[in-house]
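K.L.:
Have a look at the structure that comes next, please.
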Amino acid sequence: MAELLAEGHADAAERVRRAPLDPPDALVDGTAVLDVGGRDVVLRFLGRGHTSHDLVVEVETAGDGSVLVEEGEPPSFEDSFPTEWPATLGRLHALARGSVVPGHGAVVDATFVGSQREELMAVLAAVRSAPSRGPPPSVRGVGRTGSFFR
């Protein structure tokens, strides 16, 4: 709201202030269906990948939306689960029909989702086959929560 006010959008800021808030009150463990203005929006948890809490959002006419898929730049691994991400993308690939709206980048299709899964599997295989030299100096002493592979 502060940004809207700072940019001179007082009317929009007031509409945001008056908007009723209905915060989430349940976790999505599998599938949840929301009625958004008479249109069903399906939320699916397919497993951990980019983060521990990625949801795929399905809208019949708009395709699927997911931060499990990243287009335009290599996937970001900061909070990821690289050993689980390819399998989760496989489940998304099986569901994908039409357009897939990634968390980052341009709209893609099921072929892109499959290709990204293959790339992540290749990265994982390369990391697993590399000789172990211990953690790089920048992460020595970091506990399990700072670990790349969880």
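Every chain in the structure tokens takes a letter, A first, then B, and so on in the order presented; its residues are numbered from 1, and the ligands are numbered from 1 following the presented order.
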Which neighbours of A:His50 fall inside 9 Å, counting only C-alpha atoms, when residues of the same chain fewer than 5 positions from it are skipped, and could you give them as a PDB file with C-alpha atoms, in the first residue's frame?

P.N.:
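Contents of part.pdb, freshly written:
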```pdb
ATOM      1  CA  VAL A  67       7.681 -21.901  -9.855  1.00  0.00           C
ATOM      2  CA  LEU A  68       8.846 -25.468 -10.327  1.00  0.00           C
ATOM      3  CA  VAL A  69       9.558 -24.331 -13.892  1.00  0.00           C
ATOM      4  CA  PRO A  75      16.931 -22.707 -12.229  1.00  0.00           C
ATOM      5  CA  SER A  76      17.672 -21.115  -8.875  1.00  0.00           C
ATOM      6  CA  PHE A  77      18.833 -23.585  -6.224  1.00  0.00           C
ATOM      7  CA  GLU A  78      18.962 -21.471  -3.016  1.00  0.00           C
ATOM      8  CA  ASP A  79      16.035 -23.142  -1.214  1.00  0.00           C
ATOM      9  CA  SER A  80      15.668 -26.075  -3.578  1.00  0.00           C
ATOM     10  CA  PHE A  81      15.535 -29.832  -3.192  1.00  0.00           C
ATOM     11  CA  PRO A  82      17.651 -30.870  -6.190  1.00  0.00           C
ATOM     12  CA  TRP A  85      13.007 -31.633  -8.090  1.00  0.00           C
TER      13      TRP A  85
END
```

K.L.:
Nearest to A:Arg48: which of A:Leu34, A:Leu27, A:Ala87, A:Ala125 is it, counting only C-alpha atoms?

P.N.:
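Using only C-alpha atoms, A:Arg48 sits closest to A:Ala87.
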
K.L.:
As a PyMOL selection string, please: every residue in chain A that DSSP puts in helix (DSSP H, G or I).

P.N.:
chain A and resi 2-6+10-18+85-95+110-129+137-139+144-146

K.L.:
Hey, can you spit out that residue selection with C-alpha atoms as a compact mmCIF listing (two decimals), in the first residue's frame?

P.N.:
```txt
# COMPACT_ATOMS: atom_id res chain seq x y z
CA ALA A 2 2.87 2.36 0.80
CA GLU A 3 4.23 1.89 -2.73
CA LEU A 4 0.87 2.80 -4.25
CA LEU A 5 0.69 5.93 -2.12
CA ALA A 6 4.29 6.87 -2.91
CA ALA A 10 -4.27 7.00 -3.64
CA ASP A 11 -7.48 5.49 -5.11
CA ALA A 12 -5.82 2.12 -5.65
CA ALA A 13 -4.29 2.24 -2.15
CA GLU A 14 -7.72 2.87 -0.65
CA ARG A 15 -9.24 -0.07 -2.57
CA VAL A 16 -6.45 -2.32 -1.25
CA ARG A 17 -7.04 -1.05 2.29
CA ARG A 18 -10.77 -1.83 2.09
CA TRP A 85 13.01 -31.63 -8.09
CA PRO A 86 13.29 -33.83 -11.24
CA ALA A 87 10.62 -36.26 -9.97
CA THR A 88 8.32 -33.39 -9.06
CA LEU A 89 8.80 -31.92 -12.55
CA GLY A 90 7.97 -35.35 -13.96
CA ARG A 91 4.60 -35.26 -12.20
CA LEU A 92 3.99 -31.74 -13.55
CA HIS A 93 5.02 -32.90 -17.03
CA ALA A 94 2.42 -35.68 -16.87
CA LEU A 95 -0.31 -33.16 -15.99
CA ALA A 110 4.96 -29.49 -21.70
CA THR A 111 7.98 -30.09 -23.95
CA PHE A 112 9.90 -27.37 -22.09
CA VAL A 113 8.91 -28.90 -18.73
CA GLY A 114 10.25 -32.28 -19.87
CA SER A 115 13.48 -30.70 -21.14
CA GLN A 116 14.02 -28.83 -17.88
CA ARG A 117 13.50 -32.09 -15.97
CA GLU A 118 16.15 -33.79 -18.14
CA GLU A 119 18.58 -30.90 -17.52
CA LEU A 120 18.07 -31.10 -13.75
CA MET A 121 18.63 -34.87 -13.84
CA ALA A 122 21.89 -34.32 -15.78
CA VAL A 123 23.10 -31.74 -13.23
CA LEU A 124 22.24 -34.09 -10.38
CA ALA A 125 24.05 -36.99 -12.07
CA ALA A 126 27.14 -34.81 -12.65
CA VAL A 127 27.21 -33.68 -9.02
CA ARG A 128 26.78 -37.25 -7.77
CA SER A 129 29.59 -38.55 -9.97
CA PRO A 137 35.38 -22.87 1.55
CA SER A 138 32.38 -20.53 1.38
CA VAL A 139 30.10 -23.10 3.05
CA ARG A 144 22.55 -28.97 7.60
CA THR A 145 20.07 -26.14 6.99
CA GLY A 146 22.68 -24.44 4.83
```

K.L.:
Which residues are close to A:Val28, i.e. within 12 Å by only C-alpha atoms, leaving aside same-chain residues fewer than 5 positions away? Reply as a VMD selection string.

P.N.:
chain A and resid 33 to 34 42 to 47 53 to 57

K.L.:
I need the strand (DSSP E or B) residues of chain A per DSSP on the backbone, written as a compact mmCIF listing (two decimals) with C-alpha atoms, in the first residue's frame.

P.N.:
```
# COMPACT_ATOMS: atom_id res chain seq x y z
CA THR A 31 -5.18 -31.04 -4.35
CA ALA A 32 -7.45 -28.16 -3.37
CA VAL A 33 -10.11 -26.47 -5.50
CA LEU A 34 -10.93 -22.79 -5.08
CA ASP A 35 -13.92 -21.00 -6.58
CA VAL A 36 -12.59 -17.68 -7.84
CA ARG A 39 -14.10 -20.29 -12.08
CA ASP A 40 -12.46 -23.32 -10.49
CA VAL A 41 -8.78 -22.87 -9.70
CA VAL A 42 -7.03 -26.10 -8.77
CA LEU A 43 -4.01 -26.00 -6.48
CA ARG A 44 -1.77 -29.06 -6.56
CA VAL A 56 0.91 -25.79 -9.30
CA VAL A 57 -2.05 -23.52 -10.09
CA GLU A 58 -4.39 -24.84 -12.77
CA VAL A 59 -6.95 -22.63 -14.49
CA GLY A 63 -2.76 -23.10 -18.36
CA ASP A 64 -0.70 -24.06 -15.36
CA GLY A 65 1.44 -21.80 -13.20
CA SER A 66 4.41 -23.08 -11.31
CA VAL A 67 7.68 -21.90 -9.85
CA LEU A 68 8.85 -25.47 -10.33
CA VAL A 69 9.56 -24.33 -13.89
CA GLU A 70 11.95 -21.48 -14.61
CA SER A 99 0.51 -23.58 -21.71
CA VAL A 100 2.61 -23.67 -18.55
CA VAL A 101 3.22 -20.33 -16.87
CA PRO A 102 6.59 -20.60 -15.11
CA GLY A 103 7.52 -18.86 -11.90
CA HIS A 104 10.08 -16.90 -13.90
CA VAL A 108 6.26 -22.51 -22.02
CA ASP A 109 4.72 -25.88 -22.86
```

K.L.:
Rounded to one decimal, what separation in Å do you get between atom CA of A:Ala130 and atom CA of A:Pro74?

P.N.:
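Going from atom CA of A:Ala130 over to atom CA of A:Pro74 covers 20.3 Å.
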